[in-house]
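Q: What follows is the file upload16.txt, containing compact mmCIF, C-alpha atoms:
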# COMPACT_ATOMS: atom_id res chain seq x y z
CA MET A 1 32.02 14.38 -10.98
CA ALA A 2 30.27 14.13 -14.31
CA ALA A 3 29.98 17.55 -15.90
CA ARG A 4 26.33 16.94 -16.70
CA SER A 5 25.40 16.25 -13.09
CA LEU A 6 27.39 19.23 -11.80
CA ARG A 7 25.74 21.50 -14.35
CA ILE A 8 22.28 20.27 -13.36
CA MET A 9 23.01 20.74 -9.67
CA ASN A 10 24.38 24.24 -10.19
CA GLN A 11 21.27 25.17 -12.16
CA LEU A 12 19.01 23.77 -9.48
CA TYR A 13 20.74 25.59 -6.67
CA ALA A 14 20.93 28.81 -8.65
CA ARG A 15 17.17 28.65 -9.19
CA ARG A 16 16.54 27.69 -5.56
CA SER A 17 14.65 24.66 -6.82
CA THR A 18 12.73 22.66 -4.26
CA THR A 19 13.84 19.34 -5.75
CA LEU A 20 17.40 18.08 -6.01
CA CYS A 21 18.12 15.66 -8.86
CA VAL A 22 21.16 13.52 -8.26
CA GLY A 23 22.35 10.32 -9.85
CA GLY A 24 19.28 10.09 -12.03
CA ALA A 25 17.01 10.32 -8.98
CA CYS A 26 15.04 13.28 -7.70
CA ILE A 27 15.37 13.78 -3.97
CA GLY A 28 13.16 16.37 -2.32
CA HIS A 29 14.88 18.95 -0.16
CA LEU A 30 14.21 17.58 3.29
CA LEU A 31 13.38 20.25 5.83
CA HIS A 32 13.02 17.34 8.22
CA HIS A 33 13.55 13.96 6.61
CA SER A 34 11.82 11.95 9.33
CA ALA A 35 8.62 13.91 8.76
CA VAL A 36 8.87 13.24 5.03
CA CYS A 37 9.33 9.54 5.70
CA ARG A 38 6.32 9.45 7.98
CA ALA A 39 4.19 11.25 5.40
CA GLU A 40 5.33 8.91 2.64
CA ALA A 41 4.66 5.87 4.82
CA HIS A 42 1.19 7.21 5.60
CA GLN A 43 0.44 7.57 1.89
CA ARG A 44 1.60 3.99 1.29
CA ARG A 45 -0.61 2.67 4.05
CA LYS A 46 -3.60 4.53 2.61
CA ARG A 47 -3.42 2.80 -0.74
CA PRO A 48 -6.28 0.32 -1.05
CA PRO A 49 -4.84 -3.18 -0.62
CA LYS A 50 -5.35 -6.31 -2.65
CA PHE A 51 -4.38 -8.49 0.30
CA GLY A 52 -4.18 -7.02 3.78
CA SER A 53 -1.71 -7.90 6.51
CA SER A 54 -4.19 -8.26 9.42
CA MET A 55 -6.18 -11.48 9.35
CA PRO A 56 -9.09 -12.41 11.64
CA SER A 57 -9.03 -15.77 13.40
CA ILE A 58 -11.70 -18.44 12.92
CA SER A 59 -12.80 -20.52 15.90
CA SER A 60 -15.84 -22.44 17.08
CA ARG A 61 -17.13 -19.14 18.45
CA GLY A 62 -16.96 -17.38 15.10
CA ILE A 63 -14.59 -14.81 13.64
CA SER A 64 -12.64 -12.25 15.65
CA MET A 65 -9.81 -9.80 15.15
CA SER A 66 -7.94 -11.09 18.19
CA GLY A 67 -5.84 -13.10 15.83
CA ILE A 68 -3.06 -12.75 13.45
CA ASN A 69 -0.89 -10.16 11.84
CA ILE A 70 0.11 -12.18 8.82
CA ASP A 71 3.29 -10.56 7.96
CA GLU A 72 5.95 -8.60 9.59
CA VAL A 73 7.39 -8.36 6.08
CA ASN A 74 4.88 -5.69 5.14
CA SER A 75 6.41 -3.38 7.72
CA ASN A 76 9.13 -2.61 5.19
CA ARG A 77 6.52 -0.85 3.08
CA GLU A 78 5.90 1.60 5.89
CA ASP A 79 9.54 2.69 5.95
CA CYS A 80 10.76 5.60 3.88
CA PRO A 81 11.63 3.93 0.54
CA MET A 82 14.03 6.73 -0.42
CA CYS A 83 15.91 6.41 2.88
CA LYS A 84 16.07 2.61 2.62
CA LYS A 85 17.35 2.77 -0.94
CA PHE A 86 20.00 5.48 -0.77
CA GLY A 87 20.87 4.87 2.89
CA SER A 88 22.36 1.50 1.96
CA GLY A 89 25.05 0.43 -0.46
CA PRO A 90 28.09 2.40 -1.64
CA CYS A 91 26.44 5.81 -1.18
CA GLY A 92 24.81 5.08 2.17
CA GLY A 93 27.37 6.99 4.24
CA ILE A 94 27.27 10.24 2.30
CA PHE A 95 23.49 10.05 1.97
CA LYS A 96 23.10 9.81 5.76
CA ARG A 97 25.50 12.72 6.28
CA TRP A 98 23.44 14.78 3.84
CA LEU A 99 20.25 13.95 5.74
CA ASP A 100 21.91 14.77 9.06
CA CYS A 101 22.96 18.11 7.63
CA THR A 102 19.40 18.94 6.57
CA ASP A 103 18.22 18.11 10.10
CA GLN A 104 20.84 20.43 11.56
CA HIS A 105 19.80 23.32 9.32
CA PRO A 106 16.01 23.64 9.40
CA GLY A 107 14.16 26.79 8.49
CA LYS A 108 14.85 29.39 5.82
CA ASP A 109 17.46 32.03 5.08
CA ALA A 110 16.92 35.78 4.75
CA ASP A 111 15.65 35.30 1.20
CA GLY A 112 13.03 32.81 2.34
CA GLN A 113 14.79 29.80 0.82
CA PRO A 114 15.49 26.51 2.68
CA LEU A 115 18.66 27.05 4.69
CA HIS A 116 20.15 23.67 3.87
CA LEU A 117 20.36 24.58 0.17
CA SER A 118 23.54 26.46 0.96
CA LYS A 119 24.63 24.72 4.17
CA CYS A 120 24.44 21.19 2.76
CA PHE A 121 25.57 21.85 -0.80
CA GLU A 122 28.90 20.05 -0.42
CA PHE A 123 27.24 16.88 0.89
CA ALA A 124 24.73 17.03 -1.98
CA ARG A 125 27.54 17.44 -4.51
CA LYS A 126 29.37 14.38 -3.18
CA LEU A 127 26.13 12.42 -3.09
CA SER A 128 25.45 13.31 -6.71
CA LYS A 129 28.85 12.03 -7.80
CA CYS A 130 28.48 8.83 -5.79
CA LEU A 131 25.06 8.07 -7.27
CA ASP A 132 26.32 8.73 -10.78
CA ASP A 133 29.29 6.42 -10.20
CA ASN A 134 27.09 3.68 -8.75
CA SER A 135 23.95 3.96 -10.87
CA ASP A 136 24.05 0.24 -11.76
CA TYR A 137 23.92 -0.72 -8.07
CA TYR A 138 20.81 1.34 -7.37
CA THR A 139 19.10 0.18 -10.56
CA LYS A 140 19.57 -3.41 -9.38
CA TYR A 141 18.27 -2.38 -5.94
CA ASP A 142 15.00 -1.25 -7.54
CA GLU A 143 14.69 -4.51 -9.44
CA LYS A 144 15.29 -6.56 -6.28
CA ARG A 145 12.76 -4.50 -4.30
CA LYS A 146 10.09 -5.15 -6.92
CA SER A 147 10.85 -8.87 -6.75
CA ASP A 148 10.69 -8.84 -2.93
CA GLU A 149 7.34 -7.03 -2.93
CA SER A 150 5.98 -9.56 -5.42
CA ASP A 151 7.05 -12.38 -3.08
CA GLU A 152 5.30 -10.63 -0.17
CA ASP A 153 2.07 -10.35 -2.18
CA VAL A 154 2.21 -14.08 -2.95
CA GLU A 155 2.61 -14.90 0.76
CA LEU A 156 -0.37 -12.73 1.66
CA LYS A 157 -2.52 -14.25 -1.07
CA VAL A 158 -1.71 -17.79 0.11
CA ALA A 159 -2.60 -16.93 3.70
CA TRP A 160 -5.86 -15.21 2.77
CA SER A 161 -6.81 -18.01 0.38
CA GLU A 162 -6.65 -20.44 3.29
CA PHE A 163 -8.83 -18.12 5.41
CA VAL A 164 -11.38 -17.80 2.59
CA LYS A 165 -11.39 -21.57 2.07
CA GLU A 166 -12.28 -22.10 5.73
CA THR A 167 -14.98 -19.43 5.57
CA GLU A 168 -16.52 -20.91 2.43
CA GLU A 169 -16.56 -24.36 4.05
CA GLN A 170 -18.46 -22.89 6.98
CA ILE A 171 -20.96 -21.38 4.55
CA ILE A 172 -21.46 -24.69 2.73
CA SER A 173 -21.96 -26.54 6.01
CA ARG A 174 -24.43 -23.81 7.09
CA VAL A 175 -22.43 -22.91 10.17
CA TYR A 176 -22.26 -19.40 8.69
CA GLN A 177 -25.40 -17.90 7.19
CA LEU A 178 -25.14 -16.49 3.65
CA GLN A 179 -27.40 -13.53 2.83
CA GLU A 180 -27.75 -10.75 0.31
CA PHE A 181 -26.47 -7.38 1.47
CA PRO A 182 -28.99 -5.23 3.34
CA LEU A 183 -29.54 -1.78 1.86
CA ASP A 184 -27.57 0.02 4.57
CA VAL A 185 -24.29 -1.66 3.60
CA THR A 186 -24.62 -2.62 -0.07
CA PRO A 187 -21.11 -2.34 -1.58
CA THR A 188 -20.15 -0.59 -4.80
CA ILE A 189 -17.99 -2.36 -7.38
CA HIS A 190 -16.15 -0.52 -10.16
CA VAL A 191 -14.12 -2.12 -12.95
CA ARG A 192 -11.82 -0.76 -15.65
CA LEU A 193 -11.85 -3.07 -18.63
CA GLU A 194 -8.92 -1.36 -20.35
CA SER A 195 -6.58 -2.11 -17.42
CA ARG A 196 -8.42 -5.23 -16.19
CA THR A 197 -8.55 -3.83 -12.67
CA GLY A 198 -11.36 -3.21 -10.23
CA ALA A 199 -12.19 -1.84 -6.80
CA ALA A 200 -14.91 -2.57 -4.28
CA SER A 201 -16.05 -0.04 -1.69
CA PHE A 202 -17.63 -1.17 1.59
CA LYS A 203 -19.28 0.74 4.41
CA PRO A 204 -17.21 0.53 7.61
CA GLN A 205 -20.32 0.38 9.82
CA ARG A 206 -23.91 -0.71 9.66
CA ASP A 207 -26.72 1.58 10.77
CA ASP A 208 -26.79 -0.25 14.10
CA GLY A 209 -23.13 0.65 14.70
CA SER A 210 -21.62 -2.79 14.08
CA SER A 211 -18.26 -2.57 12.30
CA ILE A 212 -16.99 -4.46 9.31
CA VAL A 213 -14.64 -7.32 10.22
CA VAL A 214 -13.44 -8.70 6.91
CA ALA A 215 -14.18 -8.62 3.18
CA TYR A 216 -13.01 -10.67 0.24
CA ILE A 217 -13.60 -10.86 -3.51
CA LEU A 218 -13.90 -14.02 -5.62
CA ASP A 219 -14.12 -14.67 -9.32
CA GLU A 220 -16.74 -17.04 -10.73
CA ASN A 221 -14.45 -20.02 -10.12
CA GLY A 222 -13.91 -19.23 -6.45
CA ASN A 223 -10.40 -17.85 -6.88
CA VAL A 224 -9.52 -15.18 -4.31
CA LEU A 225 -8.82 -11.83 -5.98
CA ALA A 226 -8.55 -9.65 -2.86
CA ALA A 227 -9.11 -9.82 0.89
CA GLY A 228 -8.60 -7.65 3.94
CA SER A 229 -9.72 -6.73 7.42
CA LYS A 230 -11.15 -3.36 8.45
CA GLU A 231 -7.69 -2.26 9.56
CA ASP A 232 -6.32 -3.03 6.10
CA MET A 233 -9.15 -1.54 4.05
CA ASP A 234 -10.08 1.60 6.01
CA MET A 235 -9.36 4.66 3.84
CA GLY A 236 -10.92 7.13 6.26
CA SER A 237 -14.36 8.65 6.68
CA GLN A 238 -14.41 10.14 3.18
CA PHE A 239 -13.87 6.86 1.31
CA GLY A 240 -14.80 4.03 3.66
CA CYS A 241 -13.24 0.59 3.20
CA ILE A 242 -11.78 -0.32 -0.18
CA LEU A 243 -10.22 -3.38 -1.79
CA GLN A 244 -8.66 -3.29 -5.24
CA PHE A 245 -8.23 -6.34 -7.45
CA ASP A 246 -6.91 -7.51 -10.81
CA MET A 247 -9.26 -9.20 -13.28
CA PRO A 248 -8.01 -12.19 -15.29
CA ALA A 249 -8.69 -11.88 -19.01
CA THR A 250 -11.38 -14.57 -18.92
CA MET A 251 -13.07 -13.39 -15.74
CA LYS A 252 -16.86 -13.18 -16.00
CA ALA A 253 -18.05 -12.15 -12.53
CA ALA A 254 -16.87 -10.72 -9.22
CA THR A 255 -18.44 -11.71 -5.90
CA CYS A 256 -17.98 -9.60 -2.77
CA ARG A 257 -18.42 -11.22 0.61
CA VAL A 258 -18.37 -9.27 3.87
CA ILE A 259 -18.73 -10.08 7.55
CA TYR A 260 -19.83 -7.48 10.11
CA GLU A 261 -19.63 -7.77 13.87
CA GLU A 262 -22.53 -9.45 15.64
CA GLY A 263 -23.42 -9.41 19.31
CA ASN A 264 -23.40 -13.21 19.57
CA ASP A 265 -21.53 -16.20 18.20
CA ASN A 266 -23.51 -16.18 14.95
CA VAL A 267 -21.72 -15.27 11.73
CA THR A 268 -23.58 -13.80 8.76
CA VAL A 269 -21.77 -13.48 5.45
CA PHE A 270 -23.26 -10.88 3.12
CA SER A 271 -22.74 -11.52 -0.58
CA LYS A 272 -23.13 -9.66 -3.87
CA THR A 273 -22.17 -10.77 -7.40
CA MET A 274 -21.59 -8.47 -10.35
CA LEU A 275 -21.12 -9.56 -13.96
CA VAL A 276 -18.08 -8.10 -15.70
CA PRO A 277 -19.37 -5.86 -18.52
CA GLY A 278 -19.24 -7.61 -21.87
CA SER A 279 -19.26 -11.11 -20.39
CA THR A 280 -22.02 -13.63 -19.82
CA ARG A 281 -22.17 -16.39 -17.26
CA SER A 282 -22.36 -19.91 -18.62
Since I need it in another form, could you write the structure as structure tokens?
A:
Amino acid sequence: MAARSLRIMNQLYARRSTTLCVGGACIGHLLHHSAVCRAEAHQRRKRPPKFGSSMPSISSRGISMSGINIDEVNSNREDCPMCKKFGSGPCGGIFKRWLDCTDQHPGKDADGQPLHLSKCFEFARKLSKCLDDNSDYYTKYDEKRKSDESDEDVELKVAWSEFVKETEEQIISRVYQLQEFPLDVTPTIHVRLESRTGAASFKPQRDDGSSIVVAYILDENGNVLAAGSKEDMDMGSQFGCILQFDMPATMKAATCRVIYEEGNDNVTVFSKTMLVPGSTRS
């Protein structure tokens, strides 16, 4: 084992640290790793999406959520990333034994410290050495994961772009009615010029109780910047429904369009356009 890693581990255990750093990665002491994975997955799901994974279906009777879950691929994002990363490859076996050990030794010792700090030390030591010896493998894993997630985003954008195209065609043909937002559900749009990013916040329900079905954001040329269903966008009662989006350098305006449930086959699309600060529309 590299002397540096052993020295770091000894210092961490001597101090009863709550975070174990091995192989260049910091791994939290898992009192129950499945609970940690669930919590981490929950946090991932609660990040505002650019493109959601649940798409409504369009038919002659309007829009409904009886339709499509675009991608099973997004389910990977709900797994525990740490477990997926270190549970595979050359260190997968020792990593799983370390996790099993933490499960078998819950609770705290007489000094009030996590029991597995002492009970699972040997597994952690071996894991540290393995990760140090195979650091190149796990660095490449991170690079591949980023590439895979980028591919998933492209697939979602393509699918949503087709949905938006159909919706816009229905607006042009006057099958769907386009209106300004009523006061009870007017969205809020925020942009950050320094990072060229933005976010739009929508109310999950109208005053009459009808729920949001879908929302999407366009630039001034009709390019789709973000889209999602209520299931995708819902950040809870405190925040409502949120979409985030990137702004191209030449972007001049953002248009939000939202559809709420209606008690008949009619579809009303509410729309709001905001100029990007510092730009003018030609």
Q: Find the residues around Lys108 in chain A up to 12 Å (only C-alpha atoms counted), leave out those fewer than 4 positions away in its own chain, and share them as a PyMOL selection string.
A: chain A and resi 16+31+102+112-119
Q: Work out how far CA of Ile212 in chain A is from CA of Tyr260 in chain A, in Å to one decimal.
A: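 Here the two named atoms are 4.2 Å from each other.
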Q: Kindly give the distance, in Å, that separates CA of Ser57 in chain A and CA of Phe239 in chain A, rounded to a single decimal.
A: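 Separating CA of Ser57 in chain A from CA of Phe239 in chain A is a distance of 26.1 Å.
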Q: Please compute the CA of Gln244 in chain A-CA of Tyr216 in chain A distance, one decimal, in Å.
A: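 Rounded to one decimal, the two atoms are 10.2 Å apart.
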Q: Under the rule that all atoms listed in the file are counted, which of A:Ala124, A:Val276, A:Val185, A:Leu218 is the nearest residue to Glu168 in chain A?
A: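 Nearest candidate to Glu168 in chain A out of A:Ala124, A:Val276, A:Val185, A:Leu218: A:Leu218.
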Q: Can you list, as a list of chain:residue names, every protein, DNA or RNA residue that comes within 6 Å of Gly240 in chain A when you count all atoms listed in the file, leaving out same-chain residues fewer than 4 positions away?
A: A:Lys203, A:Pro204, A:Asp234, A:Met235, A:Gly236
Q: Given only C-alpha atoms as the basis, pick out the residue of A:Phe121, A:Trp160, A:Phe202, A:Phe95 nearest to Asn223 in chain A.
A: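 When distances to Asn223 in chain A are compared using only C-alpha atoms, the smallest one comes from A:Trp160.
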Q: For Leu178 in chain A, which of A:Cys101, A:Ala227, A:Ala254, A:Val267 is the closest residue, counting all atoms listed in the file?
A: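 For Leu178 in chain A, the nearest of the given residues is A:Val267.
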Q: Hey, which of A:Glu143, A:Asp103, A:Asp246, A:Asp153 ends up closest to His190 in chain A? Count only C-alpha atoms.
A: A:Asp246
Q: Output range 78-105 of chain A as a PDB file, keeping the file's coordinate frame, making sure N, CA and C atoms are there.
A:
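Saved file out.pdb follows:
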ATOM      1  N   GLU A  78       6.215   0.412   5.129  1.00  0.00           N
ATOM      2  CA  GLU A  78       5.900   1.600   5.890  1.00  0.00           C
ATOM      3  C   GLU A  78       7.146   2.418   6.193  1.00  0.00           C
ATOM      4  N   ASP A  79       8.325   1.910   5.810  1.00  0.00           N
ATOM      5  CA  ASP A  79       9.540   2.690   5.950  1.00  0.00           C
ATOM      6  C   ASP A  79       9.606   3.694   4.825  1.00  0.00           C
ATOM      7  N   CYS A  80      10.546   4.631   4.957  1.00  0.00           N
ATOM      8  CA  CYS A  80      10.760   5.600   3.880  1.00  0.00           C
ATOM      9  C   CYS A  80      11.531   4.905   2.767  1.00  0.00           C
ATOM     10  N   PRO A  81      10.928   4.645   1.610  1.00  0.00           N
ATOM     11  CA  PRO A  81      11.630   3.930   0.540  1.00  0.00           C
ATOM     12  C   PRO A  81      12.896   4.639   0.083  1.00  0.00           C
ATOM     13  N   MET A  82      12.857   5.980   0.006  1.00  0.00           N
ATOM     14  CA  MET A  82      14.030   6.730  -0.420  1.00  0.00           C
ATOM     15  C   MET A  82      15.186   6.519   0.553  1.00  0.00           C
ATOM     16  N   CYS A  83      14.864   6.572   1.870  1.00  0.00           N
ATOM     17  CA  CYS A  83      15.910   6.410   2.880  1.00  0.00           C
ATOM     18  C   CYS A  83      16.469   4.993   2.863  1.00  0.00           C
ATOM     19  N   LYS A  84      15.610   3.994   2.673  1.00  0.00           N
ATOM     20  CA  LYS A  84      16.070   2.610   2.620  1.00  0.00           C
ATOM     21  C   LYS A  84      16.960   2.381   1.404  1.00  0.00           C
ATOM     22  N   LYS A  85      16.592   2.987   0.288  1.00  0.00           N
ATOM     23  CA  LYS A  85      17.350   2.770  -0.940  1.00  0.00           C
ATOM     24  C   LYS A  85      18.717   3.437  -0.882  1.00  0.00           C
ATOM     25  N   PHE A  86      18.743   4.753  -0.688  1.00  0.00           N
ATOM     26  CA  PHE A  86      20.000   5.480  -0.770  1.00  0.00           C
ATOM     27  C   PHE A  86      20.803   5.424   0.523  1.00  0.00           C
ATOM     28  N   GLY A  87      20.156   5.000   1.628  1.00  0.00           N
ATOM     29  CA  GLY A  87      20.870   4.870   2.890  1.00  0.00           C
ATOM     30  C   GLY A  87      21.664   3.587   2.995  1.00  0.00           C
ATOM     31  N   SER A  88      21.596   2.744   1.988  1.00  0.00           N
ATOM     32  CA  SER A  88      22.360   1.500   1.960  1.00  0.00           C
ATOM     33  C   SER A  88      23.297   1.518   0.758  1.00  0.00           C
ATOM     34  N   GLY A  89      24.184   0.541   0.693  1.00  0.00           N
ATOM     35  CA  GLY A  89      25.050   0.430  -0.460  1.00  0.00           C
ATOM     36  C   GLY A  89      26.203   1.414  -0.448  1.00  0.00           C
ATOM     37  N   PRO A  90      26.862   1.596  -1.581  1.00  0.00           N
ATOM     38  CA  PRO A  90      28.090   2.400  -1.640  1.00  0.00           C
ATOM     39  C   PRO A  90      27.893   3.877  -1.309  1.00  0.00           C
ATOM     40  N   CYS A  91      26.681   4.393  -1.456  1.00  0.00           N
ATOM     41  CA  CYS A  91      26.440   5.810  -1.180  1.00  0.00           C
ATOM     42  C   CYS A  91      25.718   6.037   0.150  1.00  0.00           C
ATOM     43  N   GLY A  92      25.570   4.967   0.933  1.00  0.00           N
ATOM     44  CA  GLY A  92      24.810   5.080   2.170  1.00  0.00           C
ATOM     45  C   GLY A  92      25.395   6.082   3.148  1.00  0.00           C
ATOM     46  N   GLY A  93      26.725   6.091   3.285  1.00  0.00           N
ATOM     47  CA  GLY A  93      27.370   6.990   4.240  1.00  0.00           C
ATOM     48  C   GLY A  93      27.155   8.449   3.916  1.00  0.00           C
ATOM     49  N   ILE A  94      27.415   8.830   2.678  1.00  0.00           N
ATOM     50  CA  ILE A  94      27.270  10.240   2.300  1.00  0.00           C
ATOM     51  C   ILE A  94      25.807  10.653   2.293  1.00  0.00           C
ATOM     52  N   PHE A  95      24.919   9.724   1.935  1.00  0.00           N
ATOM     53  CA  PHE A  95      23.490  10.050   1.970  1.00  0.00           C
ATOM     54  C   PHE A  95      23.044  10.370   3.396  1.00  0.00           C
ATOM     55  N   LYS A  96      23.486   9.564   4.373  1.00  0.00           N
ATOM     56  CA  LYS A  96      23.100   9.810   5.760  1.00  0.00           C
ATOM     57  C   LYS A  96      23.689  11.113   6.278  1.00  0.00           C
ATOM     58  N   ARG A  97      24.917  11.442   5.852  1.00  0.00           N
ATOM     59  CA  ARG A  97      25.500  12.720   6.280  1.00  0.00           C
ATOM     60  C   ARG A  97      24.732  13.893   5.690  1.00  0.00           C
ATOM     61  N   TRP A  98      24.263  13.723   4.448  1.00  0.00           N
ATOM     62  CA  TRP A  98      23.440  14.780   3.840  1.00  0.00           C
ATOM     63  C   TRP A  98      22.143  14.958   4.613  1.00  0.00           C
ATOM     64  N   LEU A  99      21.495  13.851   4.979  1.00  0.00           N
ATOM     65  CA  LEU A  99      20.250  13.950   5.740  1.00  0.00           C
ATOM     66  C   LEU A  99      20.492  14.567   7.112  1.00  0.00           C
ATOM     67  N   ASP A 100      21.589  14.173   7.763  1.00  0.00           N
ATOM     68  CA  ASP A 100      21.910  14.770   9.060  1.00  0.00           C
ATOM     69  C   ASP A 100      22.099  16.274   8.934  1.00  0.00           C
ATOM     70  N   CYS A 101      22.741  16.687   7.860  1.00  0.00           N
ATOM     71  CA  CYS A 101      22.960  18.110   7.630  1.00  0.00           C
ATOM     72  C   CYS A 101      21.636  18.851   7.476  1.00  0.00           C
ATOM     73  N   THR A 102      20.698  18.264   6.742  1.00  0.00           N
ATOM     74  CA  THR A 102      19.400  18.940   6.570  1.00  0.00           C
ATOM     75  C   THR A 102      18.662  19.040   7.898  1.00  0.00           C
ATOM     76  N   ASP A 103      18.834  18.044   8.764  1.00  0.00           N
ATOM     77  CA  ASP A 103      18.220  18.110  10.100  1.00  0.00           C
ATOM     78  C   ASP A 103      18.835  19.224  10.937  1.00  0.00           C
ATOM     79  N   GLN A 104      20.130  19.428  10.765  1.00  0.00           N
ATOM     80  CA  GLN A 104      20.840  20.430  11.560  1.00  0.00           C
ATOM     81  C   GLN A 104      20.607  21.850  11.065  1.00  0.00           C
ATOM     82  N   HIS A 105      20.025  21.991   9.882  1.00  0.00           N
ATOM     83  CA  HIS A 105      19.800  23.320   9.320  1.00  0.00           C
ATOM     84  C   HIS A 105      18.356  23.467   8.843  1.00  0.00           C
TER      85      HIS A 105
END
